[in-house]
file entry-v9.csv (CSV, C-alpha atoms)
chain,number,residue,atom,x,y,z
A,133,MET,CA,-3.5,24.1,-27.5
A,134,LYS,CA,-7.0,24.9,-26.1
A,135,ILE,CA,-9.2,22.6,-24.2
A,136,LEU,CA,-12.3,22.7,-21.9
A,137,VAL,CA,-12.6,20.4,-18.9
A,138,GLN,CA,-15.0,20.0,-16.0
A,139,GLN,CA,-13.8,21.1,-12.5
A,140,SER,CA,-14.7,17.8,-10.8
A,141,ALA,CA,-12.8,15.7,-13.4
A,142,LEU,CA,-9.8,17.9,-13.3
A,143,GLN,CA,-9.7,18.0,-9.5
A,144,ARG,CA,-10.0,14.3,-9.2
A,145,ALA,CA,-7.3,13.6,-11.8
A,146,THR,CA,-4.8,16.1,-10.4
A,147,ALA,CA,-5.3,14.9,-6.9
A,148,ARG,CA,-4.4,11.3,-8.0
A,149,VAL,CA,-1.4,12.2,-10.1
A,150,THR,CA,0.3,14.9,-8.1
A,151,SER,CA,1.1,12.7,-5.1
A,152,ALA,CA,3.7,11.1,-7.3
A,153,VAL,CA,5.5,14.4,-7.6
A,154,GLU,CA,8.5,14.9,-5.2
A,155,ARG,CA,8.2,18.2,-3.4
A,156,LYS,CA,12.0,18.5,-3.3
A,157,ASN,CA,13.9,17.6,-6.4
A,158,THR,CA,16.8,19.0,-8.5
A,159,ILE,CA,15.1,18.6,-11.8
A,160,PRO,CA,12.6,21.4,-12.4
A,161,ILE,CA,10.3,19.6,-14.8
A,162,LEU,CA,9.6,16.9,-12.3
A,163,ALA,CA,7.6,19.5,-10.4
A,164,ASN,CA,5.3,19.7,-13.4
A,165,VAL,CA,2.5,17.6,-14.9
A,166,LEU,CA,2.4,16.8,-18.6
A,167,LEU,CA,-0.9,17.8,-20.2
A,168,ARG,CA,-1.5,16.1,-23.6
A,169,THR,CA,-4.6,16.0,-25.7
A,170,GLU,CA,-5.9,12.7,-27.2
A,171,ALA,CA,-9.1,12.9,-29.3
A,172,ASP,CA,-11.7,13.9,-26.8
A,173,ARG,CA,-9.6,13.4,-23.7
A,174,LEU,CA,-6.9,15.2,-21.7
A,175,THR,CA,-4.1,13.0,-20.4
A,176,ILE,CA,-2.4,14.2,-17.2
A,177,THR,CA,1.0,12.6,-16.3
A,178,ALA,CA,3.2,13.0,-13.2
A,179,THR,CA,6.4,11.2,-12.3
A,180,ASP,CA,9.3,11.1,-9.9
A,181,LEU,CA,11.3,8.9,-12.3
A,182,ASP,CA,10.5,5.8,-10.2
A,183,ILE,CA,6.7,6.1,-10.3
A,184,GLU,CA,4.6,7.4,-13.1
A,185,ILE,CA,0.8,8.1,-12.7
A,186,VAL,CA,-1.4,8.8,-15.7
A,187,GLU,CA,-5.0,9.9,-15.6
A,188,LYS,CA,-7.4,10.5,-18.5
A,189,ILE,CA,-10.4,12.8,-18.3
A,190,PRO,CA,-13.1,13.8,-20.8
A,191,ALA,CA,-12.3,17.1,-22.6
A,192,GLU,CA,-13.5,19.3,-25.4
A,193,VAL,CA,-10.4,19.6,-27.5
A,194,ILE,CA,-10.6,22.9,-29.5
A,195,ALA,CA,-6.9,22.9,-30.5
A,196,PRO,CA,-4.7,19.8,-29.8
A,197,GLY,CA,-1.3,20.1,-28.2
A,198,GLU,CA,0.9,19.3,-25.1
A,199,ILE,CA,2.6,21.3,-22.4
A,200,THR,CA,3.8,20.9,-18.8
A,201,VAL,CA,2.7,23.2,-16.0
A,202,ALA,CA,3.3,23.2,-12.2
A,203,ALA,CA,1.6,20.2,-10.7
A,204,ALA,CA,0.8,21.7,-7.3
A,205,THR,CA,-0.6,24.9,-8.8
A,206,LEU,CA,-2.9,23.2,-11.3
A,207,ALA,CA,-4.2,20.9,-8.5
A,208,GLU,CA,-4.9,23.9,-6.3
A,209,ILE,CA,-6.7,25.8,-9.1
A,210,ALA,CA,-8.9,22.8,-9.8
A,211,ARG,CA,-9.6,22.2,-6.1
A,212,ASN,CA,-10.7,25.8,-5.5
A,213,ALA,CA,-12.7,26.4,-8.7
A,214,PRO,CA,-16.5,26.4,-8.1
A,215,ALA,CA,-18.2,23.1,-8.3
A,216,GLY,CA,-19.6,22.5,-11.8
A,217,ALA,CA,-17.3,25.1,-13.4
A,218,GLU,CA,-15.8,24.6,-16.8
A,219,LEU,CA,-12.1,25.4,-17.0
A,220,ALA,CA,-10.4,26.5,-20.2
A,221,ILE,CA,-6.7,25.6,-20.5
A,222,GLU,CA,-4.9,27.5,-23.3
A,223,TRP,CA,-1.3,27.7,-24.6
A,224,ALA,CA,-0.6,29.9,-27.7
A,225,SER,CA,2.7,28.6,-29.1
A,226,THR,CA,6.2,27.5,-28.4
A,227,GLU,CA,7.3,31.1,-28.0
A,228,ASP,CA,4.7,31.7,-25.2
A,229,PRO,CA,6.3,31.0,-21.8
A,230,ARG,CA,2.9,30.8,-20.0
A,231,ALA,CA,-0.3,28.9,-20.3
A,232,THR,CA,-3.6,30.3,-19.3
A,233,VAL,CA,-6.3,28.7,-17.1
A,234,LYS,CA,-9.7,30.4,-17.0
A,235,PHE,CA,-13.1,29.9,-15.5
A,236,GLY,CA,-15.7,32.5,-14.8
A,237,ARG,CA,-13.9,35.8,-14.0
A,238,SER,CA,-10.8,34.0,-12.8
A,239,ARG,CA,-7.7,33.9,-14.9
A,240,TYR,CA,-4.3,32.3,-14.1
A,241,GLN,CA,-1.1,32.4,-16.1
A,242,LEU,CA,1.2,29.5,-15.4
A,243,PRO,CA,4.9,29.1,-16.5
A,244,VAL,CA,5.4,26.2,-18.9
A,245,LEU,CA,8.3,23.9,-19.7
A,246,PRO,CA,8.6,22.0,-23.0
A,247,ALA,CA,6.6,18.8,-23.1
A,248,GLY,CA,9.5,17.2,-25.1
A,249,ASP,CA,11.7,17.4,-22.0
A,250,PHE,CA,9.2,15.5,-19.8
A,251,PRO,CA,10.4,11.9,-19.0
A,252,VAL,CA,7.6,9.5,-20.1
A,253,ARG,CA,7.9,5.8,-19.2
A,254,GLY,CA,7.3,3.3,-22.0
A,255,ASP,CA,5.3,0.1,-21.6
A,256,LEU,CA,6.8,-2.8,-19.6
A,257,ILE,CA,8.7,-5.4,-21.7
A,258,ASP,CA,7.5,-9.0,-21.6
A,259,ALA,CA,4.9,-8.2,-19.0
A,260,VAL,CA,2.4,-10.8,-17.7
A,261,GLU,CA,-1.2,-9.6,-17.2
A,262,LEU,CA,-3.5,-10.5,-14.4
A,263,ALA,CA,-7.1,-9.2,-14.0
A,264,ILE,CA,-8.3,-8.7,-10.4
A,265,ALA,CA,-11.1,-6.9,-8.7
A,266,ALA,CA,-10.0,-3.5,-7.3
A,267,PRO,CA,-11.4,-4.1,-3.8
A,268,VAL,CA,-9.7,-7.5,-3.6
A,269,LEU,CA,-6.3,-6.0,-4.5
A,270,HIS,CA,-6.8,-3.1,-2.2
A,271,GLN,CA,-7.6,-5.5,0.7
A,272,LEU,CA,-4.5,-7.6,0.1
A,273,LEU,CA,-2.3,-4.5,0.3
A,274,GLU,CA,-4.1,-3.1,3.3
A,275,HIS,CA,-3.5,-6.4,5.2
A,276,VAL,CA,0.3,-6.3,4.7
A,277,HIS,CA,1.5,-2.8,4.1
A,278,PHE,CA,2.3,-1.8,7.7
A,279,ALA,CA,4.9,-4.6,8.0
A,280,GLN,CA,7.2,-3.0,5.3
A,281,SER,CA,10.6,-2.1,6.6
A,282,THR,CA,11.8,1.5,6.7
A,283,GLU,CA,15.5,0.7,7.3
A,284,GLU,CA,17.6,2.0,4.4
A,285,THR,CA,20.3,-0.6,5.1
A,286,ARG,CA,17.8,-3.3,4.1
A,287,TYR,CA,16.3,-1.5,1.2
A,288,TYR,CA,15.1,-4.8,-0.4
A,289,LEU,CA,12.5,-5.0,2.5
A,290,ASN,CA,11.1,-1.5,1.9
A,291,GLY,CA,8.2,-2.7,-0.1
A,292,VAL,CA,5.6,-5.5,-0.7
A,293,ASN,CA,6.6,-8.7,-2.5
A,294,LEU,CA,4.0,-9.8,-5.0
A,295,SER,CA,4.0,-13.2,-6.8
A,296,ARG,CA,1.7,-15.8,-8.3
A,297,VAL,CA,2.4,-19.2,-6.8
A,298,SER,CA,0.7,-22.5,-6.4
A,299,ASP,CA,-0.8,-23.3,-3.0
A,300,GLN,CA,-2.2,-26.8,-2.5
A,301,GLY,CA,-2.4,-27.1,-6.3
A,302,ARG,CA,-4.3,-23.9,-6.8
A,303,PRO,CA,-2.9,-20.7,-8.3
A,304,VAL,CA,-2.9,-17.7,-5.9
A,305,LEU,CA,-1.8,-14.1,-6.0
A,306,ARG,CA,0.3,-13.6,-2.9
A,307,VAL,CA,1.6,-10.5,-1.2
A,308,VAL,CA,4.2,-10.5,1.6
A,309,ALA,CA,5.7,-7.8,3.7
A,310,THR,CA,8.3,-8.0,6.5
A,311,ASP,CA,10.6,-5.8,8.5
A,312,GLY,CA,12.5,-8.6,10.2
A,313,HIS,CA,10.4,-8.5,13.3
A,314,ARG,CA,7.1,-9.6,11.8
A,315,MET,CA,6.1,-11.1,8.5
A,316,ILE,CA,2.6,-10.7,7.1
A,317,LEU,CA,1.3,-12.8,4.2
A,318,ASP,CA,-2.0,-12.7,2.4
A,319,GLN,CA,-3.2,-14.3,-0.8
A,320,ILE,CA,-6.3,-14.8,-3.0
A,321,GLN,CA,-7.0,-17.5,-5.5
A,322,CYS,CA,-6.5,-16.3,-9.1
A,323,ASP,CA,-6.6,-17.6,-12.6
A,324,GLU,CA,-3.8,-19.8,-14.0
A,325,GLY,CA,-1.7,-18.0,-16.5
A,326,ALA,CA,1.8,-17.5,-17.9
A,327,ALA,CA,4.6,-17.7,-15.4
A,328,MET,CA,4.7,-14.3,-13.5
A,329,PRO,CA,7.9,-13.1,-12.0
A,330,ALA,CA,8.0,-12.3,-8.3
A,331,ILE,CA,8.7,-8.6,-7.7
A,332,THR,CA,9.0,-6.2,-4.8
A,333,ILE,CA,6.8,-3.1,-5.1
A,334,PRO,CA,8.5,-0.1,-3.4
A,335,ARG,CA,6.9,1.4,-0.4
A,336,LYS,CA,5.8,4.7,-2.1
A,337,ALA,CA,4.2,2.8,-5.0
A,338,VAL,CA,2.3,0.6,-2.5
A,339,GLY,CA,0.9,3.7,-0.9
A,340,GLU,CA,-0.1,5.2,-4.2
A,341,MET,CA,-1.8,1.9,-5.2
A,342,ARG,CA,-3.7,1.7,-2.0
A,343,ARG,CA,-4.9,5.3,-2.5
A,344,ILE,CA,-6.0,4.7,-6.1
A,345,LEU,CA,-7.7,1.4,-5.4
A,346,ALA,CA,-9.6,2.7,-2.4
A,347,ASP,CA,-12.0,4.6,-4.8
A,348,LEU,CA,-12.5,1.8,-7.3
A,349,LYS,CA,-15.0,-1.0,-7.6
A,350,ASP,CA,-14.4,-2.4,-11.1
A,351,PRO,CA,-11.7,-4.9,-12.1
A,352,VAL,CA,-8.2,-3.6,-12.7
A,353,THR,CA,-5.3,-5.2,-14.6
A,354,LEU,CA,-1.8,-5.8,-13.2
A,355,GLN,CA,1.1,-6.0,-15.7
A,356,VAL,CA,4.2,-7.6,-14.1
A,357,SER,CA,7.7,-7.9,-15.5
A,358,THR,CA,11.1,-8.5,-14.0
A,359,THR,CA,11.7,-4.7,-13.9
A,360,GLY,CA,8.4,-3.3,-12.7
A,361,LEU,CA,4.7,-3.3,-12.3
A,362,ALA,CA,1.8,-1.4,-13.9
A,363,LEU,CA,-1.7,-1.0,-12.5
A,364,LEU,CA,-4.2,-0.3,-15.2
A,365,THR,CA,-7.6,1.3,-14.2
A,366,GLY,CA,-10.5,2.4,-16.3
A,367,THR,CA,-9.1,6.0,-16.4
A,368,GLY,CA,-5.4,5.7,-16.1
A,369,ARG,CA,-2.2,3.8,-15.2
A,370,LEU,CA,0.3,3.7,-12.4
A,371,ILE,CA,3.7,2.2,-13.4
A,372,THR,CA,6.6,1.7,-11.0
A,373,LYS,CA,10.1,0.2,-10.9
A,374,ALA,CA,10.6,-2.9,-8.9
A,375,LEU,CA,13.0,-2.9,-6.0
A,376,ASP,CA,16.4,-4.4,-6.7
A,377,GLY,CA,17.8,-7.1,-4.4
A,378,HIS,CA,16.7,-10.6,-3.5
A,379,TYR,CA,13.7,-10.9,-1.3
A,380,PRO,CA,14.3,-13.3,1.6
A,381,ASP,CA,12.8,-16.8,1.8
A,382,TYR,CA,9.9,-15.8,4.1
A,383,GLN,CA,8.6,-19.4,4.2
A,384,ARG,CA,11.6,-20.4,6.3
A,385,VAL,CA,10.3,-18.4,9.2
A,386,MET,CA,6.7,-19.4,8.9
A,387,PRO,CA,5.9,-21.9,11.7
A,388,SER,CA,4.2,-25.0,10.4
A,389,GLU,CA,4.3,-26.8,13.8
A,390,TRP,CA,3.7,-25.5,17.3
A,391,GLU,CA,3.4,-26.7,20.9
A,392,ARG,CA,0.4,-24.6,21.9
A,393,GLU,CA,-2.7,-23.3,20.0
A,394,ILE,CA,-5.2,-21.1,21.7
A,395,PHE,CA,-8.3,-19.2,20.5
A,396,ILE,CA,-8.9,-15.7,21.8
A,397,ASP,CA,-11.6,-13.1,21.4
A,398,ARG,CA,-10.0,-10.5,19.2
A,399,ALA,CA,-11.8,-7.4,20.7
A,400,LEU,CA,-11.0,-8.6,24.3
A,401,LEU,CA,-7.3,-9.2,23.4
A,402,LYS,CA,-7.0,-5.8,21.7
A,403,GLU,CA,-8.5,-3.8,24.6
A,404,ALA,CA,-6.4,-5.7,27.2
A,405,ILE,CA,-3.2,-5.0,25.3
A,406,LYS,CA,-4.1,-1.3,25.1
A,407,ARG,CA,-4.8,-1.2,28.8
A,408,VAL,CA,-1.7,-2.9,30.1
A,409,SER,CA,0.7,-1.2,27.7
A,410,ILE,CA,-0.3,2.2,29.1
A,411,ILE,CA,2.6,1.9,31.5
A,412,SER,CA,5.1,0.1,29.2
A,413,ALA,CA,8.3,1.9,28.2
A,414,ASP,CA,8.0,3.9,25.0
A,415,LYS,CA,10.9,2.2,23.3
A,416,THR,CA,10.2,-1.5,24.0
A,417,ARG,CA,6.4,-1.6,24.7
A,418,THR,CA,6.9,-5.3,25.6
A,419,VAL,CA,3.9,-7.3,26.8
A,420,LYS,CA,4.5,-10.7,28.6
A,421,LEU,CA,2.0,-13.4,27.8
A,422,ALA,CA,1.6,-16.3,30.2
A,423,ILE,CA,-0.8,-19.1,29.3
A,424,VAL,CA,-1.9,-21.5,32.0
A,425,ASP,CA,-4.7,-23.9,31.3
A,426,GLU,CA,-7.3,-21.7,29.5
A,427,VAL,CA,-6.3,-18.4,31.0
A,428,LEU,CA,-4.1,-15.9,29.2
A,429,THR,CA,-2.4,-13.4,31.5
A,430,LEU,CA,-0.9,-10.2,30.1
A,431,ASN,CA,1.8,-8.6,32.2
A,432,VAL,CA,3.8,-5.3,31.8
A,433,ARG,CA,6.5,-4.1,34.2
A,434,ASN,CA,8.1,-0.7,34.1
A,435,MET,CA,10.7,0.3,36.6
A,436,GLU,CA,9.4,3.9,36.8
A,437,ALA,CA,5.6,3.5,36.1
A,438,GLY,CA,5.0,0.2,38.0
A,439,ALA,CA,3.2,-2.9,36.7
A,440,ALA,CA,-0.1,-3.9,35.1
A,441,SER,CA,-1.7,-7.3,34.4
A,442,GLU,CA,-5.0,-8.5,33.0
A,443,GLU,CA,-6.5,-12.0,32.4
A,444,ILE,CA,-8.5,-13.3,29.5
A,445,GLU,CA,-10.2,-16.6,29.1
A,446,VAL,CA,-9.1,-18.5,26.1
A,447,VAL,CA,-9.9,-21.9,24.5
A,448,GLY,CA,-7.2,-24.5,23.9
A,449,GLU,CA,-5.4,-27.3,25.7
A,450,GLY,CA,-1.7,-27.7,26.4
A,451,ALA,CA,1.2,-27.0,28.7
A,452,ALA,CA,1.8,-23.7,30.5
A,453,PHE,CA,3.7,-21.2,28.4
A,454,GLU,CA,5.4,-17.8,28.6
A,455,THR,CA,6.6,-15.4,25.9
A,456,GLY,CA,6.7,-11.7,25.1
A,457,PHE,CA,5.9,-9.5,22.2
A,458,ASN,CA,6.0,-5.9,21.1
A,459,ALA,CA,2.6,-4.4,22.0
A,460,LYS,CA,2.4,-2.2,18.9
A,461,TYR,CA,3.1,-5.2,16.6
A,462,LEU,CA,0.3,-7.2,18.3
A,463,LEU,CA,-2.1,-4.3,17.9
A,464,ASP,CA,-1.2,-3.9,14.2
A,465,LEU,CA,-2.1,-7.5,13.6
A,466,LEU,CA,-5.4,-7.2,15.5
A,467,ASP,CA,-6.4,-4.0,13.6
A,468,GLN,CA,-5.9,-5.5,10.2
A,469,THR,CA,-8.9,-7.9,10.5
A,470,ASP,CA,-12.5,-7.8,11.7
A,471,ALA,CA,-12.5,-11.5,12.6
A,472,ASP,CA,-14.2,-12.3,15.9
A,473,ARG,CA,-11.5,-14.6,17.1
A,474,MET,CA,-7.8,-15.0,16.7
A,475,VAL,CA,-5.7,-18.1,17.0
A,476,LEU,CA,-2.3,-17.8,18.7
A,477,ARG,CA,0.2,-20.6,17.8
A,478,VAL,CA,3.5,-20.8,19.8
A,479,SER,CA,6.3,-23.3,20.2
A,480,ASP,CA,8.8,-21.7,22.6
A,481,SER,CA,9.9,-18.3,23.9
A,482,ILE,CA,12.5,-17.7,21.2
A,483,SER,CA,10.7,-19.1,18.1
A,484,PRO,CA,8.4,-17.1,15.7
A,485,ALA,CA,4.8,-17.3,16.7
A,486,ARG,CA,1.6,-16.9,14.6
A,487,LEU,CA,-1.4,-14.8,15.4
A,488,ASP,CA,-4.0,-15.3,12.7
A,489,PRO,CA,-7.7,-14.7,12.2
A,490,ALA,CA,-9.4,-18.0,13.4
A,491,GLY,CA,-10.8,-20.1,10.6
A,492,ASP,CA,-8.9,-18.1,7.9
A,493,THR,CA,-5.5,-19.7,8.0
A,494,LYS,CA,-5.8,-22.8,6.0
A,495,GLY,CA,-6.4,-23.4,2.3
A,496,ALA,CA,-5.6,-21.2,-0.7
A,497,GLU,CA,-6.8,-18.0,0.9
A,498,GLY,CA,-6.2,-16.2,4.2
A,499,LEU,CA,-3.8,-14.2,6.4
A,500,VAL,CA,-0.7,-15.6,7.9
A,501,ASN,CA,0.8,-13.3,10.6
A,502,VAL,CA,4.2,-14.2,11.9
A,503,ILE,CA,5.7,-12.2,14.8
A,504,MET,CA,9.0,-12.6,16.5
A,505,PRO,CA,9.1,-12.8,20.3
A,506,VAL,CA,11.1,-10.4,22.5
A,507,ARG,CA,12.8,-11.0,25.8
A,508,VAL,CA,10.8,-10.2,28.9
call {"tool": "encode", "arguments": {"input": "entry-v9.csv", "output": "structure tokens"}}
result
Amino acid sequence: MKILVQQSALQRATARVTSAVERKNTIPILANVLLRTEADRLTITATDLDIEIVEKIPAEVIAPGEITVAAATLAEIARNAPAGAELAIEWASTEDPRATVKFGRSRYQLPVLPAGDFPVRGDLIDAVELAIAAPVLHQLLEHVHFAQSTEETRYYLNGVNLSRVSDQGRPVLRVVATDGHRMILDQIQCDEGAAMPAITIPRKAVGEMRRILADLKDPVTLQVSTTGLALLTGTGRLITKALDGHYPDYQRVMPSEWEREIFIDRALLKEAIKRVSIISADKTRTVKLAIVDEVLTLNVRNMEAGAASEEIEVVGEGAAFETGFNAKYLLDLLDQTDADRMVLRVSDSISPARLDPAGDTKGAEGLVNVIMPVRV
């Protein structure tokens, strides 16, 4: 095997795939990437057995072949090679325990493991395809990812649920995340197609998808089956297993009726929460909200640090109301959007509330942010 590749292409590809590699594992070959020639391209593959990431880069293939080398080492070589350099990757034969990477006067010899021992995922069986713009899919995941659970006892919540459903007679691609304290839903209208199974994408795969999609502008393709999901880009593929377990019926906790609806300037609310929560206890970070006429008062009391309060003018009629929320959860919701105004919908002090971007909560598109109150 002998190939020539450009430093920039190799650096970009290795940076994308090596994040799938687990730093601590008991299977040595999982610390490697698979290098395989295909016509005028080099295919680079990494996996942790749950996620597989593949990237293809242009290459001058002098002698075809396939090997595996240490993922972290190859990525560091590519990152530190001079910009514009051409790297040669060579491997003599199955008897040679090392591959050579060369550029300029630099020469590296890397231990290899047999390519035949590298676990490669096959294609998904009976997968349904859906084309979507990369920035749109990236935004959907950005809006909900922070609400994924981290509790191992409820592993089925440790990811983002993805489905294609009908909303008001229109097909939408919907993503949902919840940790039991808050539930975030976002969706975008999509093309009608074959029935697509609802699956839960694991937390790590969600992070990898967000990272890959952040650099892309062109359309991508999702392939979804009952067992997993594949994200196809112009240069590669990410494929992940789906989380086992039944995702809860999130629509049961989504308020459809409320006693009070008020409109609030997002920036004012965000800064007020930050200021009053300065003295809140680290563990609870509870902020009490009191609504009287068109004034929202934020109160925080701490037995050791004292108390803080701040008033904000709001718009909306109704009876006086008091409730409390985790300040961090409120700030997370306010940070996910650049809307000028938010709409807070509440029923009572023990029922789920909604804090959505104003004017973006009805129809087939838009965020729905449900947050559970806390005792104050």
call {"tool": "closest_residue", "arguments": {"input": "entry-v9.csv", "among": "A:Ala265, A:Asp480, A:Val297, A:Val308", "to": "Asp381 in chain A", "atoms": "all atoms listed in the file"}}
result
A:Val308
call {"tool": "closest_atom_pairs", "arguments": {"input": "entry-v9.csv", "of": "range 135-206 of chain A", "to": "range 244-260 of chain A", "cutoff": "6 Å", "atoms": "all atoms listed in the file", "output": "CSV"}}
result
residue,atom,partner,partner_atom,distance
A:Ile199,CA,A:Ala247,CA,4.8
A:Thr200,CA,A:Leu245,CA,5.5
A:Val201,CA,A:Val244,CA,5.0
call {"tool": "residues_around", "arguments": {"input": "entry-v9.csv", "residues": "range 228-237 of chain A", "least_positions_apart": "2", "cutoff": "9 Å", "atoms": "all atoms listed in the file", "output": "ChimeraX atom specification"}}
result
/A:199,201,206,209,213-214,217-226,239-245
call {"tool": "atom_distance", "arguments": {"input": "entry-v9.csv", "atom1": "CA of Asn434 in chain A", "atom2": "CA of Val408 in chain A"}}
result
10.8 Å
call {"tool": "closest_residue", "arguments": {"input": "entry-v9.csv", "among": "A:Gly312, A:Gly448, A:Pro190, A:Gly498", "to": "Pro484 in chain A", "atoms": "all atoms listed in the file"}}
result
A:Gly312
call {"tool": "residues_around", "arguments": {"input": "entry-v9.csv", "residues": "Val447 in chain A", "least_positions_apart": "4", "cutoff": "12 Å", "atoms": "all atoms listed in the file", "output": "MDAnalysis selection string"}}
result
chainID A and resid 392:397 423:428 473:476 490
call {"tool": "write_last_selection", "arguments": {"input": "entry-v9.csv", "atoms": "C-alpha atoms", "output": "PDB file, in the coordinates of the input"}}
result
ATOM      1  CA  ARG A 392       0.400 -24.600  21.900  1.00  0.00           C
ATOM      2  CA  GLU A 393      -2.700 -23.300  20.000  1.00  0.00           C
ATOM      3  CA  ILE A 394      -5.200 -21.100  21.700  1.00  0.00           C
ATOM      4  CA  PHE A 395      -8.300 -19.200  20.500  1.00  0.00           C
ATOM      5  CA  ILE A 396      -8.900 -15.700  21.800  1.00  0.00           C
ATOM      6  CA  ASP A 397     -11.600 -13.100  21.400  1.00  0.00           C
ATOM      7  CA  ILE A 423      -0.800 -19.100  29.300  1.00  0.00           C
ATOM      8  CA  VAL A 424      -1.900 -21.500  32.000  1.00  0.00           C
ATOM      9  CA  ASP A 425      -4.700 -23.900  31.300  1.00  0.00           C
ATOM     10  CA  GLU A 426      -7.300 -21.700  29.500  1.00  0.00           C
ATOM     11  CA  VAL A 427      -6.300 -18.400  31.000  1.00  0.00           C
ATOM     12  CA  LEU A 428      -4.100 -15.900  29.200  1.00  0.00           C
ATOM     13  CA  ARG A 473     -11.500 -14.600  17.100  1.00  0.00           C
ATOM     14  CA  MET A 474      -7.800 -15.000  16.700  1.00  0.00           C
ATOM     15  CA  VAL A 475      -5.700 -18.100  17.000  1.00  0.00           C
ATOM     16  CA  LEU A 476      -2.300 -17.800  18.700  1.00  0.00           C
ATOM     17  CA  ALA A 490      -9.400 -18.000  13.400  1.00  0.00           C
TER      18      ALA A 490
END
call {"tool": "closest_residue", "arguments": {"input": "entry-v9.csv", "among": "A:Arg302, A:Arg296, A:Arg314, A:Lys402", "to": "Asp470 in chain A", "atoms": "all atoms listed in the file"}}
result
A:Lys402
call {"tool": "residues_near_point", "arguments": {"input": "entry-v9.csv", "point": "(-2.2, 15.2, -18.6)", "cutoff": "8 Å", "atoms": "only C-alpha atoms", "output": "VMD selection string"}}
result
chain A and resid 165 to 169 174 to 178 186 to 188
call {"tool": "closest_residue", "arguments": {"input": "entry-v9.csv", "among": "A:Ile159, A:Val478, A:Leu269, A:Ile135", "to": "Asp350 in chain A", "atoms": "only C-alpha atoms"}}
result
A:Leu269
call {"tool": "closest_residue", "arguments": {"input": "entry-v9.csv", "among": "A:Leu465, A:Ala422, A:Leu364, A:Val432", "to": "Glu445 in chain A", "atoms": "only C-alpha atoms"}}
result
A:Ala422
call {"tool": "atom_distance", "arguments": {"input": "entry-v9.csv", "atom1": "CA of Arg148 in chain A", "atom2": "CA of Asn212 in chain A"}}
result
16.0 Å
call {"tool": "closest_residue", "arguments": {"input": "entry-v9.csv", "among": "A:Thr372, A:Ser238, A:Thr367, A:Gln321", "to": "Asp182 in chain A", "atoms": "all atoms listed in the file"}}
result
A:Thr372
call {"tool": "atom_distance", "arguments": {"input": "entry-v9.csv", "atom1": "CA of Asp180 in chain A", "atom2": "CA of Ala374 in chain A"}}
result
14.1 Å
call {"tool": "residues_around", "arguments": {"input": "entry-v9.csv", "residues": "Lys373 in chain A", "least_positions_apart": "2", "cutoff": "8 Å", "atoms": "only C-alpha atoms", "output": "PyMOL selection string"}}
result
chain A and resi 182-183+333-334+359-361+371+375
call {"tool": "residues_around", "arguments": {"input": "entry-v9.csv", "residues": "Glu192 in chain A", "least_positions_apart": "5", "cutoff": "7 Å", "atoms": "all atoms listed in the file", "output": "MDAnalysis selection string"}}
result
chainID A and resid 135:137 172
call {"tool": "residues_near_point", "arguments": {"input": "entry-v9.csv", "point": "(15.8, -19.0, 21.6)", "cutoff": "10 Å", "atoms": "only C-alpha atoms", "output": "tab-separated table (two decimals) with C-alpha atoms, keeping the file's coordinate frame"}}
result
chain	number	residue	atom	x	y	z
A	480	ASP	CA	8.80	-21.70	22.60
A	481	SER	CA	9.90	-18.30	23.90
A	482	ILE	CA	12.50	-17.70	21.20
A	483	SER	CA	10.70	-19.10	18.10
A	484	PRO	CA	8.40	-17.10	15.70
A	505	PRO	CA	9.10	-12.80	20.30
A	506	VAL	CA	11.10	-10.40	22.50
A	507	ARG	CA	12.80	-11.00	25.80
